[in-house]
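Structure first, commentary second.
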Amino acid sequence: MPRMLDVSDEVRSEIGDDEADRLLGGAHAPDSYECTSCRTPGDAFQEPTSTVLFVGEETAVLAFAHARCIPSQVVPVSEEQLAGAVRSISQSQGDPALGPDAAVPPQPSVPAPAPTSVPAPTPAPAPNAGRPGAPGQAAILGITCGLVLHGDAGHASLVVEPTGPVGRPGNTTGEDEFLDLLQDAGFQPVLDLDKTPDQLPGWSVLVAMGKLHAVLQPSAAGGSTGWWQAHQPLQVTDAWRFAANQLGEVTMYAVPAGTVGRQPREDLLRQALERAVALGQVVAASLPLAGT
């Protein structure tokens, strides 16, 4: 019986046609696996299975997931996360020769990055978001995860706020163009916080291994690329995950630096967003959920 395995064009281009064909033919592919997204068992003979390639600067890890949880894709991650994954493979296989910088062939058991406890929000570089007005500084985005009511329904939301002005490449005036950049990408001004914004094609929120990994945007070469990526996967609440899974999407709000800040409670987060909406300082979009 053939395995029900999906290798996307994006993954195929990374691993090569020969390796992709070997996977589809049964070589290096698992009979059973632990889903890299929901962490529950999967059976490649009984249910559609996605190949997910986590790629760092020097190391790549091929993982497997239920197709219902996450599509086959390439996910850029930090080398630290992949080093943790390689260590977990080494420990599980008892192979002392496999070091953190070794290339990782496809494995029957899906490795996971080393577990970490990271309080949200955690700022992370966003190289594609623009550049701050001050010379020599990299754009730093902070992300807050929380439930925001749209009417009576709680929506899993991300509030993105840079630590300083963000300008277009080449802008040295210090003018903040963060919201303009996002509107160019399709985000819309928020006039009423109770209304769910339209979904933005090509963008998505990656939740893998039960944690928030990245916000993905369309790549000029096809597929997706990271717009924002966590230094380490961010832990989200069970309520946030449930709401995201129930609707299959996450609402992303973006505000200029100094508008919302880090709020300790969701009611305070909403109040801060309402003030920003009244000032015309919020853009948003609904982003499909990739993973669970």
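Letters A, B, ... mark the chains of the structure tokens in the order given; residue numbers begin at 1 per chain; ligand numbers begin at 1, in order shown.
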Each residue of stretch 178-262 of chain A with at least one atom at most 10 Å from stretch 63-74 of chain A should appear once, together with its nearest atom pair and the corresponding distance in Å (one decimal); atoms considered: only C-alpha atoms; ordering: chain, then increasing residue number; output as a Markdown table.
| residue | atom | partner | partner_atom | distance |
| --- | --- | --- | --- | --- |
| A:Leu206 | CA | A:Ile70 | CA | 8.6 |
| A:Val207 | CA | A:Ile70 | CA | 8.8 |
| A:Ala208 | CA | A:Ile70 | CA | 8.2 |
| A:Met209 | CA | A:Ala65 | CA | 9.9 |
| A:Gly223 | CA | A:Gln73 | CA | 7.8 |
| A:Ser224 | CA | A:Val74 | CA | 7.8 |
| A:Thr225 | CA | A:Val74 | CA | 8.4 |
| A:Asn245 | CA | A:Cys69 | CA | 9.5 |
Would you save the residues of that selection, restricted to N, CA and C atoms, as a JSON list (two decimals), in the first residue's frame?
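Output file again36.json follows:
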[["chain", "number", "residue", "atom", "x", "y", "z"],
["A", 206, "LEU", "N", 2.04, 30.73, 11.30],
["A", 206, "LEU", "CA", 2.53, 29.36, 11.48],
["A", 206, "LEU", "C", 2.58, 29.00, 12.96],
["A", 207, "VAL", "N", 1.76, 28.04, 13.33],
["A", 207, "VAL", "CA", 1.79, 27.47, 14.67],
["A", 207, "VAL", "C", 2.18, 26.01, 14.50],
["A", 208, "ALA", "N", 3.36, 25.65, 14.95],
["A", 208, "ALA", "CA", 3.86, 24.28, 14.82],
["A", 208, "ALA", "C", 4.39, 23.82, 16.16],
["A", 209, "MET", "N", 4.23, 22.53, 16.42],
["A", 209, "MET", "CA", 4.67, 21.96, 17.69],
["A", 209, "MET", "C", 3.98, 22.65, 18.86],
["A", 223, "GLY", "N", 5.49, 30.39, -3.11],
["A", 223, "GLY", "CA", 5.49, 29.85, -1.76],
["A", 223, "GLY", "C", 5.46, 30.97, -0.73],
["A", 224, "SER", "N", 6.01, 30.70, 0.45],
["A", 224, "SER", "CA", 5.97, 31.65, 1.55],
["A", 224, "SER", "C", 7.36, 31.93, 2.09],
["A", 225, "THR", "N", 7.51, 33.08, 2.70],
["A", 225, "THR", "CA", 8.74, 33.44, 3.38],
["A", 225, "THR", "C", 8.39, 34.13, 4.68],
["A", 245, "ASN", "N", -7.86, 27.53, 16.10],
["A", 245, "ASN", "CA", -8.22, 26.29, 15.43],
["A", 245, "ASN", "C", -9.69, 26.29, 15.02]]
Work out how far apart atom CA of A:Thr36 and atom CA of A:Leu62 are and give it in Å to one decimal.
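According to the coordinates, atom CA of A:Thr36 and atom CA of A:Leu62 are separated by 9.9 Å.
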Skip stretch 149-159 of chain A itself and residues of its chain fewer than 5 positions away, then list as a tab-separated table (two decimals) with all heavy atoms, in the first residue's frame all residues within 10 Å of it, counting only C-alpha atoms.
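Listed below is the output, out.tsv:
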chain	number	residue	atom	x	y	z
A	121	PRO	N	4.91	39.13	25.16
A	121	PRO	CA	5.49	39.15	23.82
A	121	PRO	C	7.01	39.13	23.84
A	121	PRO	O	7.61	39.58	24.80
A	121	PRO	CB	4.99	40.48	23.27
A	121	PRO	CG	4.92	41.34	24.49
A	121	PRO	CD	4.49	40.44	25.61
A	141	LEU	N	10.37	44.11	15.99
A	141	LEU	CA	8.93	44.05	16.20
A	141	LEU	C	8.62	43.27	17.47
A	141	LEU	O	9.20	42.21	17.70
A	141	LEU	CB	8.23	43.37	15.02
A	141	LEU	CG	8.40	44.01	13.65
A	141	LEU	CD1	7.61	43.24	12.61
A	141	LEU	CD2	7.97	45.46	13.67
A	142	GLY	N	7.72	43.81	18.28
A	142	GLY	CA	7.20	43.06	19.42
A	142	GLY	C	5.83	42.52	19.06
A	142	GLY	O	5.04	43.18	18.38
A	143	ILE	N	5.54	41.30	19.49
A	143	ILE	CA	4.24	40.69	19.21
A	143	ILE	C	3.58	40.30	20.52
A	143	ILE	O	4.20	39.66	21.38
A	143	ILE	CB	4.38	39.47	18.28
A	143	ILE	CG1	4.55	39.94	16.83
A	143	ILE	CG2	3.18	38.55	18.39
A	143	ILE	CD1	4.33	38.88	15.78
A	144	THR	N	2.32	40.70	20.67
A	144	THR	CA	1.51	40.29	21.81
A	144	THR	C	0.41	39.36	21.31
A	144	THR	O	-0.30	39.69	20.36
A	144	THR	CB	0.87	41.50	22.50
A	144	THR	OG1	1.90	42.39	22.94
A	144	THR	CG2	0.05	41.08	23.70
A	192	ASP	N	-13.62	49.75	13.17
A	192	ASP	CA	-14.48	49.17	14.21
A	192	ASP	C	-13.83	47.88	14.69
A	192	ASP	O	-13.71	46.93	13.93
A	192	ASP	CB	-15.87	48.91	13.65
A	192	ASP	CG	-16.86	48.41	14.71
A	192	ASP	OD1	-16.41	48.08	15.83
A	192	ASP	OD2	-18.05	48.35	14.41
A	193	LEU	N	-13.44	47.86	15.95
A	193	LEU	CA	-12.73	46.69	16.49
A	193	LEU	C	-13.63	45.46	16.57
A	193	LEU	O	-13.14	44.34	16.66
A	193	LEU	CB	-12.18	47.03	17.87
A	193	LEU	CG	-10.93	46.26	18.34
A	193	LEU	CD1	-9.79	46.39	17.35
A	193	LEU	CD2	-10.50	46.73	19.73
A	194	ASP	N	-14.95	45.65	16.53
A	194	ASP	CA	-15.87	44.52	16.62
A	194	ASP	C	-16.03	43.79	15.29
A	194	ASP	O	-16.60	42.70	15.25
A	194	ASP	CB	-17.25	44.99	17.09
A	194	ASP	CG	-17.30	45.26	18.58
A	194	ASP	OD1	-16.61	44.53	19.32
A	194	ASP	OD2	-17.99	46.20	19.01
A	195	LYS	N	-15.54	44.37	14.21
A	195	LYS	CA	-15.66	43.74	12.90
A	195	LYS	C	-14.40	42.97	12.55
A	195	LYS	O	-13.28	43.47	12.72
A	195	LYS	CB	-15.93	44.81	11.82
A	195	LYS	CG	-17.31	45.46	11.96
A	195	LYS	CD	-17.58	46.41	10.80
A	195	LYS	CE	-18.97	47.02	10.92
A	195	LYS	NZ	-19.26	47.96	9.80
A	196	THR	N	-14.60	41.76	12.06
A	196	THR	CA	-13.46	40.92	11.67
A	196	THR	C	-12.91	41.40	10.33
A	196	THR	O	-13.66	41.53	9.36
A	196	THR	CB	-13.89	39.44	11.54
A	196	THR	OG1	-14.44	39.01	12.78
A	196	THR	CG2	-12.70	38.57	11.18
A	197	PRO	N	-11.61	41.69	10.25
A	197	PRO	CA	-11.05	42.17	8.97
A	197	PRO	C	-11.04	41.08	7.91
A	197	PRO	O	-11.13	39.89	8.21
A	197	PRO	CB	-9.63	42.59	9.35
A	197	PRO	CG	-9.31	41.82	10.59
A	197	PRO	CD	-10.61	41.65	11.32
A	205	VAL	N	-0.26	32.50	9.52
A	205	VAL	CA	0.39	32.43	10.83
A	205	VAL	C	0.76	30.98	11.07
A	205	VAL	O	-0.10	30.09	11.03
A	205	VAL	CB	-0.54	32.95	11.95
A	205	VAL	CG1	0.08	32.72	13.32
A	205	VAL	CG2	-0.85	34.42	11.75
A	215	VAL	N	5.05	34.62	11.29
A	215	VAL	CA	4.05	35.18	10.37
A	215	VAL	C	4.68	35.12	8.99
A	215	VAL	O	5.79	35.62	8.77
A	215	VAL	CB	3.69	36.63	10.73
A	215	VAL	CG1	2.75	37.23	9.69
A	215	VAL	CG2	3.05	36.70	12.11
A	236	VAL	N	1.63	29.89	23.48
A	236	VAL	CA	0.35	30.58	23.49
A	236	VAL	C	-0.59	29.83	24.42
A	236	VAL	O	-0.38	28.66	24.75
A	236	VAL	CB	-0.26	30.67	22.07
A	236	VAL	CG1	0.61	31.52	21.17
A	236	VAL	CG2	-0.44	29.29	21.46
A	237	THR	N	-1.64	30.50	24.87
A	237	THR	CA	-2.58	29.87	25.81
A	237	THR	C	-3.45	28.85	25.08
A	237	THR	O	-3.64	28.92	23.85
A	237	THR	CB	-3.48	30.92	26.48
A	237	THR	OG1	-4.32	31.51	25.47
A	237	THR	CG2	-2.65	32.00	27.17
A	239	ALA	N	-6.61	28.69	25.30
A	239	ALA	CA	-7.78	29.41	24.78
A	239	ALA	C	-7.46	30.06	23.43
A	239	ALA	O	-8.29	30.07	22.52
A	239	ALA	CB	-8.24	30.47	25.79
A	240	TRP	N	-6.25	30.61	23.30
A	240	TRP	CA	-5.84	31.22	22.03
A	240	TRP	C	-5.77	30.16	20.93
A	240	TRP	O	-6.28	30.37	19.83
A	240	TRP	CB	-4.47	31.87	22.22
A	240	TRP	CG	-4.02	32.79	21.11
A	240	TRP	CD1	-4.15	34.14	21.06
A	240	TRP	CD2	-3.35	32.41	19.90
A	240	TRP	NE1	-3.61	34.63	19.90
A	240	TRP	CE2	-3.11	33.60	19.16
A	240	TRP	CE3	-2.94	31.19	19.36
A	240	TRP	CZ2	-2.47	33.60	17.93
A	240	TRP	CZ3	-2.31	31.19	18.12
A	240	TRP	CH2	-2.08	32.37	17.43
A	241	ARG	N	-5.16	29.03	21.24
A	241	ARG	CA	-5.06	27.95	20.25
A	241	ARG	C	-6.43	27.44	19.85
A	241	ARG	O	-6.70	27.17	18.68
A	241	ARG	CB	-4.22	26.80	20.80
A	241	ARG	CG	-2.73	27.09	20.88
A	241	ARG	CD	-1.97	25.85	21.32
A	241	ARG	NE	-2.12	24.76	20.37
A	241	ARG	CZ	-1.83	23.49	20.64
A	241	ARG	NH1	-1.39	23.15	21.84
A	241	ARG	NH2	-1.98	22.56	19.73
A	242	PHE	N	-7.34	27.29	20.84
A	242	PHE	CA	-8.68	26.78	20.55
A	242	PHE	C	-9.41	27.72	19.61
A	242	PHE	O	-10.04	27.30	18.64
A	242	PHE	CB	-9.46	26.60	21.85
A	242	PHE	CG	-10.88	26.14	21.65
A	242	PHE	CD1	-11.16	24.80	21.41
A	242	PHE	CD2	-11.94	27.05	21.69
A	242	PHE	CE1	-12.46	24.38	21.20
A	242	PHE	CE2	-13.24	26.63	21.48
A	242	PHE	CZ	-13.50	25.29	21.24
A	243	ALA	N	-9.33	29.03	19.90
A	243	ALA	CA	-10.01	30.01	19.06
A	243	ALA	C	-9.42	30.02	17.65
A	243	ALA	O	-10.15	30.10	16.65
A	243	ALA	CB	-9.91	31.40	19.69
A	244	ALA	N	-8.09	29.93	17.55
A	244	ALA	CA	-7.44	29.92	16.24
A	244	ALA	C	-7.84	28.68	15.45
A	244	ALA	O	-8.14	28.76	14.24
A	244	ALA	CB	-5.93	29.99	16.41
A	245	ASN	N	-7.86	27.53	16.10
A	245	ASN	CA	-8.22	26.29	15.43
A	245	ASN	C	-9.69	26.29	15.02
A	245	ASN	O	-10.06	25.78	13.95
A	245	ASN	CB	-7.95	25.09	16.34
A	245	ASN	CG	-6.47	24.81	16.49
A	245	ASN	OD1	-5.69	25.09	15.60
A	245	ASN	ND2	-6.08	24.26	17.63
A	246	GLN	N	-10.54	26.85	15.87
A	246	GLN	CA	-11.97	26.85	15.60
A	246	GLN	C	-12.31	27.66	14.35
A	246	GLN	O	-13.14	27.25	13.54
A	246	GLN	CB	-12.73	27.40	16.82
A	246	GLN	CG	-14.24	27.24	16.74
A	246	GLN	CD	-14.92	27.70	18.02
A	246	GLN	OE1	-14.57	28.73	18.58
A	246	GLN	NE2	-15.88	26.92	18.49
A	247	LEU	N	-11.65	28.81	14.20
A	247	LEU	CA	-11.93	29.68	13.06
A	247	LEU	C	-10.98	29.45	11.89
A	247	LEU	O	-11.24	29.91	10.78
A	247	LEU	CB	-11.85	31.15	13.51
A	247	LEU	CG	-12.89	31.58	14.55
A	247	LEU	CD1	-12.59	33.00	15.03
A	247	LEU	CD2	-14.30	31.50	13.97
A	248	GLY	N	-9.85	28.79	12.16
A	248	GLY	CA	-8.87	28.54	11.10
A	248	GLY	C	-8.12	29.79	10.68
A	248	GLY	O	-7.52	29.82	9.59
A	249	GLU	N	-8.13	30.83	11.53
A	249	GLU	CA	-7.44	32.06	11.19
A	249	GLU	C	-7.08	32.83	12.45
A	249	GLU	O	-7.60	32.57	13.54
A	249	GLU	CB	-8.30	32.93	10.27
A	249	GLU	CG	-9.57	33.43	10.91
A	249	GLU	CD	-10.42	34.26	9.94
A	249	GLU	OE1	-10.27	34.10	8.71
A	249	GLU	OE2	-11.25	35.06	10.43
A	250	VAL	N	-6.17	33.78	12.27
A	250	VAL	CA	-5.71	34.65	13.35
A	250	VAL	C	-5.82	36.09	12.85
A	250	VAL	O	-5.49	36.38	11.70
A	250	VAL	CB	-4.25	34.34	13.72
A	250	VAL	CG1	-3.71	35.35	14.74
A	250	VAL	CG2	-4.13	32.92	14.28
A	251	THR	N	-6.31	36.98	13.70
A	251	THR	CA	-6.38	38.40	13.34
A	251	THR	C	-5.06	39.06	13.72
A	251	THR	O	-4.62	38.98	14.86
A	251	THR	CB	-7.52	39.11	14.08
A	251	THR	OG1	-8.75	38.45	13.80
A	251	THR	CG2	-7.63	40.56	13.63
A	252	MET	N	-4.42	39.70	12.75
A	252	MET	CA	-3.19	40.43	13.03
A	252	MET	C	-3.47	41.92	12.98
A	252	MET	O	-3.93	42.45	11.97
A	252	MET	CB	-2.10	40.07	12.02
A	252	MET	CG	-0.82	40.89	12.23
A	252	MET	SD	0.50	40.42	11.09
A	252	MET	CE	1.27	42.02	10.81
A	253	TYR	N	-3.21	42.59	14.10
A	253	TYR	CA	-3.29	44.04	14.18
A	253	TYR	C	-1.87	44.60	14.18
A	253	TYR	O	-0.96	44.00	14.78
A	253	TYR	CB	-3.99	44.48	15.47
A	253	TYR	CG	-5.42	44.02	15.61
A	253	TYR	CD1	-5.74	42.88	16.36
A	253	TYR	CD2	-6.47	44.71	15.00
A	253	TYR	CE1	-7.05	42.46	16.51
A	253	TYR	CE2	-7.78	44.29	15.12
A	253	TYR	CZ	-8.06	43.16	15.88
A	253	TYR	OH	-9.36	42.74	16.01
A	254	ALA	N	-1.69	45.74	13.56
A	254	ALA	CA	-0.39	46.40	13.57
A	254	ALA	C	-0.59	47.87	13.96
A	254	ALA	O	-1.54	48.52	13.48
A	254	ALA	CB	0.29	46.30	12.21
A	255	VAL	N	0.30	48.36	14.81
A	255	VAL	CA	0.21	49.74	15.30
A	255	VAL	C	1.60	50.36	15.29
A	255	VAL	O	2.60	49.65	15.34
A	255	VAL	CB	-0.38	49.79	16.74
A	255	VAL	CG1	-1.78	49.21	16.77
A	255	VAL	CG2	0.53	49.04	17.72
A	260	VAL	N	0.34	50.95	21.71
A	260	VAL	CA	-0.39	50.01	22.57
A	260	VAL	C	0.46	49.58	23.76
A	260	VAL	O	-0.01	49.55	24.90
A	260	VAL	CB	-0.85	48.78	21.75
A	260	VAL	CG1	-1.36	47.67	22.67
A	260	VAL	CG2	-1.94	49.18	20.76
A	261	GLY	N	1.71	49.24	23.54
A	261	GLY	CA	2.57	48.77	24.62
A	261	GLY	C	2.23	47.36	25.04
A	261	GLY	O	1.37	46.69	24.46
A	262	ARG	N	2.92	46.90	26.06
A	262	ARG	CA	2.71	45.53	26.57
A	262	ARG	C	1.65	45.57	27.68
A	262	ARG	O	1.90	46.10	28.77
A	262	ARG	CB	4.01	44.96	27.10
A	262	ARG	CG	5.08	44.85	26.03
A	262	ARG	CD	6.26	44.05	26.52
A	262	ARG	NE	7.28	43.93	25.49
A	262	ARG	CZ	8.34	43.14	25.59
A	262	ARG	NH1	8.52	42.42	26.68
A	262	ARG	NH2	9.22	43.08	24.62
A	266	GLU	N	-6.00	40.90	28.77
A	266	GLU	CA	-6.64	41.03	27.46
A	266	GLU	C	-7.64	42.19	27.43
A	266	GLU	O	-7.82	42.82	26.39
A	266	GLU	CB	-7.31	39.71	27.08
A	266	GLU	CG	-6.28	38.64	26.71
A	266	GLU	CD	-6.90	37.28	26.45
A	266	GLU	OE1	-8.05	37.07	26.89
A	266	GLU	OE2	-6.23	36.44	25.82
A	267	ASP	N	-8.30	42.48	28.56
A	267	ASP	CA	-9.23	43.61	28.56
A	267	ASP	C	-8.47	44.93	28.39
A	267	ASP	O	-8.94	45.85	27.70
A	267	ASP	CB	-10.08	43.62	29.82
A	267	ASP	CG	-9.25	43.71	31.10
A	267	ASP	OD1	-8.09	43.25	31.09
A	267	ASP	OD2	-9.76	44.24	32.11
A	269	LEU	N	-5.59	45.15	26.82
A	269	LEU	CA	-5.12	45.14	25.44
A	269	LEU	C	-6.21	45.68	24.52
A	269	LEU	O	-5.94	46.51	23.63
A	269	LEU	CB	-4.74	43.71	25.03
A	269	LEU	CG	-4.28	43.51	23.59
A	269	LEU	CD1	-2.99	44.28	23.31
A	269	LEU	CD2	-4.09	42.02	23.28
A	270	ARG	N	-7.45	45.24	24.73
A	270	ARG	CA	-8.55	45.73	23.89
A	270	ARG	C	-8.74	47.24	24.08
A	270	ARG	O	-8.96	47.97	23.10
A	270	ARG	CB	-9.84	44.99	24.20
A	270	ARG	CG	-10.99	45.47	23.31
A	270	ARG	CD	-12.31	44.82	23.61
A	270	ARG	NE	-13.36	45.46	22.85
A	270	ARG	CZ	-13.68	45.18	21.59
A	270	ARG	NH1	-13.02	44.23	20.94
A	270	ARG	NH2	-14.66	45.82	20.97
A	273	LEU	N	-6.18	49.02	22.15
A	273	LEU	CA	-6.48	48.97	20.72
A	273	LEU	C	-7.62	49.92	20.36
A	273	LEU	O	-7.58	50.57	19.30
A	273	LEU	CB	-6.85	47.53	20.32
A	273	LEU	CG	-5.69	46.55	20.12
A	273	LEU	CD1	-6.21	45.14	19.92
A	273	LEU	CD2	-4.82	46.96	18.92
A	282	VAL	N	-4.42	51.94	13.53
A	282	VAL	CA	-4.42	50.47	13.51
A	282	VAL	C	-4.76	49.98	12.10
A	282	VAL	O	-5.72	50.47	11.48
A	282	VAL	CB	-5.45	49.88	14.50
A	282	VAL	CG1	-5.34	48.35	14.53
A	282	VAL	CG2	-5.25	50.45	15.90
A	284	ALA	N	-5.17	46.05	10.00
A	284	ALA	CA	-5.37	44.65	10.38
A	284	ALA	C	-5.71	43.81	9.16
A	284	ALA	O	-6.08	44.33	8.09
A	284	ALA	CB	-6.46	44.53	11.43
A	286	SER	N	-7.08	39.37	8.53
A	286	SER	CA	-7.23	38.01	9.03
A	286	SER	C	-6.28	37.11	8.23
A	286	SER	O	-6.31	37.12	7.00
A	286	SER	CB	-8.67	37.51	8.86
A	286	SER	OG	-9.55	38.27	9.67
A	287	LEU	N	-5.44	36.36	8.97
A	287	LEU	CA	-4.44	35.51	8.32
A	287	LEU	C	-4.78	34.05	8.57
A	287	LEU	O	-5.02	33.66	9.73
A	287	LEU	CB	-3.04	35.82	8.86
A	287	LEU	CG	-2.60	37.29	8.86
A	287	LEU	CD1	-1.15	37.40	9.33
A	287	LEU	CD2	-2.79	37.92	7.50
Between atom CA of A:Pro76 and atom CA of A:Asp176, what is the distance in Å, rounded to a tenth?
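Going from atom CA of A:Pro76 over to atom CA of A:Asp176, I get 27.8 Å.
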Selected residue, from A:Val283, A:Val190, A:Val148, A:Leu5, that lies nearest to A:Asp43 when counting only C-alpha atoms
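Smallest distance to A:Asp43 is found for A:Leu5.
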Work out how far atom CA of A:Thr172 is from atom CA of A:His231, in Å to one decimal.
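That distance, rounded to one decimal, is 27.3 Å.
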